[in-house]
Each structure stands twice: as C-alpha cells, then as structure tokens.
>>> print(open('data.cif').read())   # mmCIF, C-alpha atoms and all ligand atoms
data_data
loop_
_atom_site.label_atom_id
_atom_site.label_comp_id
_atom_site.auth_asym_id
_atom_site.auth_seq_id
_atom_site.Cartn_x
_atom_site.Cartn_y
_atom_site.Cartn_z
CA MET A 57 5.75 14.92 32.87
CA GLU A 58 6.94 15.13 29.30
CA LYS A 59 4.21 14.40 26.84
CA GLN A 60 5.14 11.32 24.86
CA LYS A 61 4.54 11.53 21.16
CA ASP A 62 2.44 8.62 19.98
CA LYS A 63 4.41 6.71 17.38
CA THR A 64 1.99 3.85 17.08
CA MET A 65 -0.47 5.44 14.68
CA LYS A 66 0.34 4.37 11.15
CA LYS A 67 -0.19 6.94 8.43
CA LEU A 68 -2.50 5.79 5.65
CA ILE A 69 -1.31 6.30 2.09
CA ALA A 70 -4.35 5.88 -0.12
CA GLY A 71 -4.46 6.02 -3.92
CA ASN A 72 -7.61 6.88 -5.84
CA TRP A 73 -7.32 5.84 -9.47
CA LYS A 74 -10.65 7.45 -10.37
CA MET A 75 -11.98 6.39 -13.79
CA ASN A 76 -8.59 5.44 -15.20
CA THR A 77 -6.92 2.25 -16.45
CA THR A 78 -7.82 -0.46 -18.90
CA ARG A 79 -7.56 -4.06 -17.69
CA GLU A 80 -4.03 -4.29 -19.03
CA GLU A 81 -2.95 -1.01 -17.45
CA ALA A 82 -4.51 -1.97 -14.13
CA GLY A 83 -2.71 -5.31 -14.13
CA ARG A 84 0.59 -3.58 -14.83
CA LEU A 85 0.01 -0.98 -12.14
CA PHE A 86 -0.93 -3.59 -9.52
CA SER A 87 2.11 -5.71 -10.31
CA ASP A 88 4.46 -2.68 -10.38
CA LEU A 89 3.02 -1.63 -7.05
CA ALA A 90 3.48 -5.08 -5.55
CA ALA A 91 7.15 -5.00 -6.62
CA ALA A 92 7.84 -1.38 -5.62
CA SER A 93 6.15 -1.74 -2.24
CA GLU A 94 8.79 -4.23 -1.11
CA SER A 95 10.99 -1.27 -0.19
CA LEU A 96 8.38 0.18 2.19
CA ASP A 97 8.30 0.03 5.97
CA PHE A 98 4.85 -1.30 6.79
CA ASP A 99 5.45 -0.80 10.50
CA THR A 100 4.85 2.91 9.97
CA ILE A 101 2.39 3.05 7.11
CA ASP A 102 -0.76 1.45 5.77
CA MET A 103 -1.13 1.35 1.98
CA LEU A 104 -4.42 1.29 0.12
CA VAL A 105 -5.31 1.43 -3.58
CA CYS A 106 -8.80 2.23 -4.85
CA PRO A 107 -9.10 1.15 -8.50
CA PRO A 108 -12.36 1.24 -10.49
CA PHE A 109 -14.93 -1.38 -9.40
CA THR A 110 -14.10 -3.60 -12.38
CA TRP A 111 -10.54 -4.21 -11.14
CA LEU A 112 -11.23 -4.82 -7.44
CA MET A 113 -10.92 -8.58 -7.63
CA MET A 114 -7.87 -8.35 -9.84
CA GLY A 115 -6.31 -6.02 -7.27
CA TYR A 116 -6.88 -8.50 -4.50
CA ASP A 117 -5.18 -11.24 -6.54
CA TYR A 118 -2.16 -9.15 -7.56
CA LEU A 119 -1.65 -7.73 -4.07
CA SER A 120 -2.35 -10.82 -1.99
CA ASP A 121 1.34 -11.33 -1.13
CA VAL A 122 2.05 -7.74 -0.08
CA PRO A 123 0.39 -5.68 2.67
CA VAL A 124 -1.30 -3.29 0.24
CA MET A 125 -5.06 -3.11 0.79
CA VAL A 126 -7.74 -2.63 -1.85
CA GLY A 127 -10.79 -0.38 -1.69
CA ALA A 128 -13.58 0.98 -3.86
CA GLN A 129 -14.19 4.62 -4.80
CA ASP A 130 -17.87 4.76 -3.84
CA CYS A 131 -20.79 2.49 -2.93
CA SER A 132 -24.55 2.59 -3.01
CA ALA A 133 -26.47 3.59 0.09
CA GLU A 134 -28.91 0.77 -0.72
CA GLU A 135 -28.43 -2.81 0.31
CA SER A 136 -29.69 -4.39 -2.95
CA GLY A 137 -32.50 -4.11 -5.45
CA ALA A 138 -33.57 -2.22 -8.54
CA TYR A 139 -30.74 0.33 -8.76
CA THR A 140 -29.36 -0.04 -12.26
CA GLY A 141 -25.64 0.56 -12.47
CA ALA A 142 -25.13 0.80 -8.71
CA ILE A 143 -22.69 -1.31 -6.67
CA SER A 144 -23.50 -2.25 -3.09
CA ALA A 145 -21.20 -2.30 -0.08
CA GLU A 146 -21.81 -6.03 0.23
CA MET A 147 -20.68 -6.62 -3.37
CA ILE A 148 -17.52 -4.64 -2.68
CA ARG A 149 -16.86 -6.63 0.49
CA ASP A 150 -17.45 -9.80 -1.51
CA THR A 151 -14.51 -8.94 -3.79
CA ARG A 152 -12.43 -8.98 -0.56
CA ALA A 153 -11.85 -5.25 -0.80
CA GLU A 154 -11.60 -3.79 2.69
CA TRP A 155 -12.25 -0.09 2.17
CA VAL A 156 -14.49 2.37 0.41
CA ILE A 157 -14.25 6.10 -0.24
CA VAL A 158 -17.47 8.11 0.17
CA GLY A 159 -18.21 11.79 -0.34
CA HIS A 160 -15.39 12.51 -2.76
CA SER A 161 -15.75 16.09 -3.99
CA GLU A 162 -16.07 14.94 -7.60
CA ARG A 163 -19.25 13.18 -6.49
CA ARG A 164 -20.43 15.94 -4.12
CA HIS A 165 -19.88 18.85 -6.50
CA GLY A 166 -19.53 17.18 -9.86
CA TYR A 167 -21.72 14.79 -11.76
CA ALA A 168 -23.38 12.90 -8.89
CA HIS A 169 -24.53 15.73 -6.56
CA ASP A 170 -24.04 13.57 -3.46
CA SER A 171 -25.44 15.47 -0.47
CA ASN A 172 -24.24 15.09 3.12
CA GLN A 173 -27.28 12.89 3.69
CA ASP A 174 -26.31 10.64 0.73
CA VAL A 175 -22.78 10.37 2.08
CA LEU A 176 -24.10 9.54 5.56
CA GLU A 177 -26.30 6.76 4.16
CA LYS A 178 -23.45 5.31 2.10
CA ALA A 179 -21.08 5.44 5.08
CA THR A 180 -23.68 3.76 7.29
CA GLU A 181 -24.26 0.97 4.77
CA ALA A 182 -20.52 0.47 4.29
CA TRP A 183 -20.00 0.23 8.05
CA ASP A 184 -22.86 -2.24 8.35
CA LYS A 185 -21.23 -4.48 5.73
CA GLY A 186 -17.81 -4.38 7.35
CA LEU A 187 -16.01 -1.95 5.05
CA LYS A 188 -13.66 0.64 6.47
CA THR A 189 -14.58 4.04 5.15
CA ILE A 190 -12.83 7.20 4.05
CA VAL A 191 -15.27 10.10 4.37
CA CYS A 192 -14.11 13.03 2.22
CA VAL A 193 -14.76 16.63 3.19
CA GLY A 194 -13.46 19.94 1.88
CA GLU A 195 -14.42 23.49 1.02
CA THR A 196 -14.72 25.17 -2.38
CA LEU A 197 -12.52 28.13 -3.29
CA GLU A 198 -15.42 30.50 -2.79
CA GLU A 199 -16.09 29.13 0.69
CA ARG A 200 -12.41 29.51 1.60
CA GLU A 201 -12.28 33.07 0.28
CA ASN A 202 -15.37 33.90 2.34
CA GLY A 203 -13.66 32.61 5.49
CA GLN A 204 -16.10 29.71 5.80
CA ALA A 205 -13.70 26.79 5.23
CA ILE A 206 -13.60 25.42 8.77
CA ASP A 207 -17.35 25.80 9.34
CA VAL A 208 -18.17 24.10 6.04
CA VAL A 209 -15.93 21.16 6.85
CA LYS A 210 -17.33 20.81 10.39
CA THR A 211 -20.86 20.74 9.00
CA GLN A 212 -19.86 18.08 6.46
CA ILE A 213 -18.47 15.98 9.31
CA ASP A 214 -21.58 16.50 11.44
CA GLU A 215 -23.93 15.58 8.63
CA SER A 216 -22.03 12.83 6.82
CA MET A 217 -20.29 10.81 9.56
CA PRO A 218 -22.56 8.22 11.20
CA LYS A 219 -23.21 8.57 14.93
CA GLY A 220 -20.96 6.24 16.87
CA ALA A 221 -18.38 6.04 14.05
CA SER A 222 -14.99 5.24 15.51
CA PRO A 223 -11.42 5.61 14.24
CA ASP A 224 -11.22 1.83 13.90
CA HIS A 225 -13.59 1.99 10.95
CA PHE A 226 -13.53 5.58 9.76
CA VAL A 227 -10.94 7.94 8.35
CA ILE A 228 -11.63 11.53 7.31
CA ALA A 229 -9.97 12.92 4.19
CA TYR A 230 -9.67 16.70 4.03
CA GLU A 231 -9.51 17.62 0.36
CA PRO A 232 -9.96 21.28 -0.51
CA VAL A 233 -11.98 21.17 -3.73
CA TRP A 234 -9.78 23.79 -5.40
CA ALA A 235 -6.64 21.67 -4.80
CA ILE A 236 -7.86 18.46 -6.45
CA GLY A 237 -6.25 17.71 -9.77
CA THR A 238 -5.16 21.33 -10.15
CA GLY A 239 -1.55 21.20 -9.01
CA GLN A 240 -2.48 23.80 -6.36
CA VAL A 241 -1.69 22.53 -2.87
CA ALA A 242 -3.00 24.06 0.34
CA SER A 243 -0.23 25.74 2.35
CA ILE A 244 1.32 23.81 5.20
CA ASP A 245 -0.16 26.33 7.67
CA ASP A 246 -3.64 25.96 6.18
CA ILE A 247 -3.38 22.17 6.26
CA LYS A 248 -2.21 22.27 9.90
CA ASP A 249 -5.00 24.65 10.97
CA MET A 250 -7.69 22.64 9.22
CA HIS A 251 -6.44 19.25 10.42
CA GLU A 252 -6.22 20.45 14.02
CA ALA A 253 -9.74 21.90 13.77
CA ILE A 254 -11.03 18.59 12.35
CA LEU A 255 -9.30 16.53 15.04
CA ASP A 256 -10.72 18.74 17.81
CA HIS A 257 -14.16 18.66 16.28
CA VAL A 258 -14.41 14.94 15.59
CA SER A 259 -13.08 14.16 19.09
CA GLU A 260 -15.93 16.22 20.50
CA THR A 261 -18.63 14.79 18.27
CA HIS A 262 -17.46 11.19 17.93
CA GLY A 263 -15.21 10.66 20.91
CA SER A 264 -11.50 10.90 21.33
CA GLY A 265 -9.35 8.19 19.83
CA GLU A 266 -6.69 7.81 17.22
CA TRP A 267 -8.45 9.59 14.38
CA ARG A 268 -6.60 9.67 11.11
CA VAL A 269 -7.26 12.75 9.00
CA LEU A 270 -5.78 12.44 5.52
CA TYR A 271 -4.87 15.40 3.33
CA GLY A 272 -5.71 15.19 -0.36
CA GLY A 273 -5.27 17.56 -3.28
CA SER A 274 -2.29 17.49 -5.64
CA VAL A 275 -0.08 15.42 -3.33
CA LYS A 276 3.10 14.50 -5.24
CA PRO A 277 6.46 12.99 -4.29
CA ASN A 278 7.99 16.49 -4.02
CA ASN A 279 5.46 17.87 -1.49
CA ALA A 280 4.55 14.69 0.41
CA SER A 281 7.31 14.93 2.97
CA ASP A 282 6.31 18.40 4.24
CA ILE A 283 2.65 17.40 4.42
CA LEU A 284 3.23 14.00 6.06
CA SER A 285 5.61 15.47 8.64
CA LEU A 286 2.69 17.26 10.33
CA ASP A 287 1.48 15.35 13.41
CA SER A 288 -2.10 16.24 12.57
CA VAL A 289 -1.84 14.63 9.14
CA GLY A 290 -2.73 10.94 9.42
CA GLY A 291 -1.91 10.17 5.80
CA VAL A 292 -2.71 11.29 2.28
CA LEU A 293 -5.29 10.58 -0.39
CA VAL A 294 -3.56 10.68 -3.75
CA GLY A 295 -5.21 10.93 -7.15
CA GLY A 296 -3.02 11.56 -10.20
CA ALA A 297 0.27 10.56 -8.58
CA SER A 298 -1.14 7.14 -7.62
CA LEU A 299 -1.37 6.17 -11.30
CA LYS A 300 2.37 5.51 -11.42
CA ALA A 301 3.56 2.85 -8.98
CA GLN A 302 6.89 4.55 -8.38
CA SER A 303 5.47 7.99 -7.61
CA PHE A 304 2.90 6.46 -5.26
CA VAL A 305 5.59 4.47 -3.47
CA ASP A 306 7.83 7.58 -3.38
CA ILE A 307 5.02 9.41 -1.57
CA ALA A 308 4.76 6.55 0.93
CA SER A 309 8.54 6.66 1.47
CA ALA A 310 8.44 10.39 2.18
CA ILE A 311 7.40 9.87 5.81
P1 LIG A 401 -5.18 14.63 -7.02
O1 LIG A 401 -6.56 13.97 -6.52
O2 LIG A 401 -4.09 14.03 -6.17
O3 LIG A 401 -5.07 14.25 -8.45
O4 LIG A 401 -5.30 16.09 -6.80
C1 LIG A 401 -6.82 13.80 -5.15
C2 LIG A 401 -8.17 13.17 -4.97
O5 LIG A 401 -9.07 13.47 -5.76
O6 LIG A 401 -8.39 12.38 -4.05
#
>>> encode(input="data.cif", output="structure tokens", more="lines below")
Ligand code: PGA
Amino acid sequence: MEKQKDKTMKKLIAGNWKMNTTREEAGRLFSDLAAASESLDFDTIDMLVCPPFTWLMMGYDYLSDVPVMVGAQDCSAEESGAYTGAISAEMIRDTRAEWVIVGHSERRHGYAHDSNQDVLEKATEAWDKGLKTIVCVGETLEERENGQAIDVVKTQIDESMPKGASPDHFVIAYEPVWAIGTGQVASIDDIKDMHEAILDHVSETHGSGEWRVLYGGSVKPNNASDILSLDSVGGVLVGGASLKAQSFVDIASAI
C-alpha cells in the first residue's frame, strides 16, 4: 500500500525577539504582524512570537484577533519565592502567553550557563503550569568538527526533556550554535540528517507521535523555503528575521 504523506501536521513558525524592542517598537511590530499575518494560511502553519517578558501582555492584546500565539523566551525552574529578577512559568501563563522557550544556546553557552538539568527543571515546571515548551538543542562548531554533533544533541534531549513529554506539549528546536546570528546556515543535507536522527531518537525515548522538530539558525526569507520543504522539519525558530513583520511573514509564506 502506498504510504500516505501526513498533511495534517502544521509547521510552527516561531519568532524569538531576544532582548530587543522598546515599548513603542514592540507595539509597532505586534500591530504590523497582526496586519501582515492576514495573508497567511493558518490551516498549514502555527505562528508564535516570543517577545521580552515586559511585552507579553501587550502581545496578547495586539494579537487577540489573529491566530498568532505569544510565548516567553525562558522561565524559572522555581514555582515562586526569593529569586530576584526571575519570572515563573505561572506568571507567564497569567499573561495569557501559551508557550515558553527553554535551553536556548545563548542561555546554555552564554551568560546564564543553563545545564541540561536546569533546562529539564524549567521544562518540567512549564509543563506543570500548562505552557507549551520549545526545548532547544544544538552542537557547537567544535563538537560538529569532531563528529560529535548527533551524539551531543541526543544527550541534550535525554537530559533536558522531561520523561513522559509528548508532542502535544513539547517541540524540539535544533539550532546549531555556530549558525545562530552568524548568517551561516547548516546545509540542507546536515539539517535533514540531524532532524531525522532527532525524530528517530525522540520516538524511541518519548514515544512515537507527531513530533515537531524546528530548525533555527540564520533562517531568512531567502532560505526558508528549502528548509521548510523538508518533511523532517516541523517549523523554524527565527531570531533576527522575526524583528521585521514582513520578513517573518515572508518566512511563514515560504512553505
Ligand atoms: P537567528 O537566531 O535567526 O538570528 O540566527 C535564531 C535563534 O537564536 O533562535
């Protein structure tokens, strides 16, 4: 019997604004996005924007009439208490944001030194409070050059995805560290190999289902179509190019 290709899985187009935008810029970006997204086919895609914490509620208000979801870029692993400067999953949920990103490489390798265990605890807390979660994984250039990329990513999945996590609540984002914000994109063959390895692995460790594995790292309107045409790519996580409504929407239209 001919194997039917599953057309029901929507690709997730997620934007990570990082630590960018003033209140005025955020308002403009949300309203431009609300207008530009009218051209999109939401039967085939899910759209998500992750602004800084301070603009989460504003995002909900600006985007309430369009099917663009709002998420945060990180959360605390703790429920509440004496953690100065931290933001809990419950607070994020209270803004009516639906998603959170955890384990972004800028937090794993940069200023925050988030370990797999930290990411696991954040993901567990987010799940407990009803947030859908993007768990980011990805190898450094040195790890790729040493032929360790797939093993590193599998270990990150094993150690930072909660047991029992399902594709209804969890998405994995594969973001090679060396491709983030550098303009250097992984080759289509490397993306395909890694995404297939991730899908096989997570199906073994967390059960088969419609797992979405996003690619992230210098995704732009001119490379999105090739990346999104891969069956193993369940969407994209976009940094720089999500700071302009039109380029973000152009990426979403590239499917
Ligand atoms: P970039 O960022 O698209 O600017 O490379 C991607 C990310 O950090 O998620």
>>> residues_near_point(input="data.cif", point="(8.3, 11.9, 4.6)", cutoff="12 Å", atoms="only C-alpha atoms", output="NGL selection string")
:A and (67 or 69 or 96-97 or 100-101 or 276-287 or 289 or 291-292 or 305-311)
>>> closest_residue(input="data.cif", among="A:Glu162, A:Glu215, A:Glu266, A:Glu135", to="Ala235 of chain A", atoms="all atoms listed in the file")
A:Glu162
>>> residues_near_point(input="data.cif", point="(7.8, 4.8, -14.6)", cutoff="12 Å", atoms="only C-alpha atoms", output="list in words")
Arg84, Leu85, Asp88, Leu89, Ala92, Ala297, Ser298, Leu299, Lys300, Ala301, Gln302, Ser303, Phe304, Val305 and Asp306 of chain A
>>> residues_near_ligand(input="data.cif", ligand="ligand LIG 401 (chain A)", cutoff="8 Å", atoms="all atoms listed in the file", output="list of chain:residue names")
A:Gly71, A:Asn72, A:Lys74, A:His160, A:Ser161, A:Glu162, A:Glu231, A:Ala235, A:Ile236, A:Gly237, A:Thr238, A:Gly239, A:Gly272, A:Gly273, A:Ser274, A:Val275, A:Lys276, A:Leu293, A:Val294, A:Gly295, A:Gly296, A:Ala297, A:Ser298
>>> write_last_selection(input="data.cif", atoms="C-alpha atoms", output="PDB file, in the frame of the given file")
ATOM      1  CA  GLY A  71      -4.460   6.020  -3.920  1.00  0.00           C
ATOM      2  CA  ASN A  72      -7.610   6.880  -5.840  1.00  0.00           C
ATOM      3  CA  LYS A  74     -10.650   7.450 -10.370  1.00  0.00           C
ATOM      4  CA  HIS A 160     -15.390  12.510  -2.760  1.00  0.00           C
ATOM      5  CA  SER A 161     -15.750  16.090  -3.990  1.00  0.00           C
ATOM      6  CA  GLU A 162     -16.070  14.940  -7.600  1.00  0.00           C
ATOM      7  CA  GLU A 231      -9.510  17.620   0.360  1.00  0.00           C
ATOM      8  CA  ALA A 235      -6.640  21.670  -4.800  1.00  0.00           C
ATOM      9  CA  ILE A 236      -7.860  18.460  -6.450  1.00  0.00           C
ATOM     10  CA  GLY A 237      -6.250  17.710  -9.770  1.00  0.00           C
ATOM     11  CA  THR A 238      -5.160  21.330 -10.150  1.00  0.00           C
ATOM     12  CA  GLY A 239      -1.550  21.200  -9.010  1.00  0.00           C
ATOM     13  CA  GLY A 272      -5.710  15.190  -0.360  1.00  0.00           C
ATOM     14  CA  GLY A 273      -5.270  17.560  -3.280  1.00  0.00           C
ATOM     15  CA  SER A 274      -2.290  17.490  -5.640  1.00  0.00           C
ATOM     16  CA  VAL A 275      -0.080  15.420  -3.330  1.00  0.00           C
ATOM     17  CA  LYS A 276       3.100  14.500  -5.240  1.00  0.00           C
ATOM     18  CA  LEU A 293      -5.290  10.580  -0.390  1.00  0.00           C
ATOM     19  CA  VAL A 294      -3.560  10.680  -3.750  1.00  0.00           C
ATOM     20  CA  GLY A 295      -5.210  10.930  -7.150  1.00  0.00           C
ATOM     21  CA  GLY A 296      -3.020  11.560 -10.200  1.00  0.00           C
ATOM     22  CA  ALA A 297       0.270  10.560  -8.580  1.00  0.00           C
ATOM     23  CA  SER A 298      -1.140   7.140  -7.620  1.00  0.00           C
TER      24      SER A 298
END
>>> atom_distance(input="data.cif", atom1="atom CA of Thr189 of chain A", atom2="atom CA of Lys219 of chain A")
13.8 Å
>>> residues_around(input="data.cif", residues="Val258 of chain A", least_positions_apart="5", cutoff="9 Å", atoms="only C-alpha atoms", output="list in words")
Lys210, Ile213, Asp214, Ala253, Gly263, Ser264 and Trp267 of chain A
>>> atom_distance(input="data.cif", atom1="atom CA of Gly265 of chain A", atom2="atom CA of Val227 of chain A")
11.6 Å
>>> atom_distance(input="data.cif", atom1="atom CA of Tyr118 of chain A", atom2="atom CA of Arg163 of chain A")
28.1 Å
>>> residues_around(input="data.cif", residues="Ser144 of chain A", least_positions_apart="5", cutoff="9 Å", atoms="all atoms listed in the file", output="JSON, numbers by chain")
{"A": [131, 132, 133, 134, 135, 136, 149, 181, 182]}
>>> closest_residue(input="data.cif", among="A:Asn76, A:Ser288, A:Thr110, A:Ser222", to="Glu252 of chain A", atoms="all atoms listed in the file")
A:Ser288
>>> closest_residue(input="data.cif", among="A:Val158, A:Ala91, A:Ala82, A:Leu187", to="Asp224 of chain A", atoms="only C-alpha atoms")
A:Leu187
>>> closest_residue(input="data.cif", among="A:Ile143, A:Pro107, A:Ala138, A:Glu94", to="Thr78 of chain A", atoms="all atoms listed in the file")
A:Pro107
>>> closest_residue(input="data.cif", among="A:Ala142, A:Val124, A:Leu112, A:Ile190", to="Ser216 of chain A", atoms="all atoms listed in the file")
A:Ile190
>>> closest_residue(input="data.cif", among="A:Val126, A:Val269, A:Ile206, A:Leu119", to="Ser87 of chain A", atoms="only C-alpha atoms")
A:Leu119
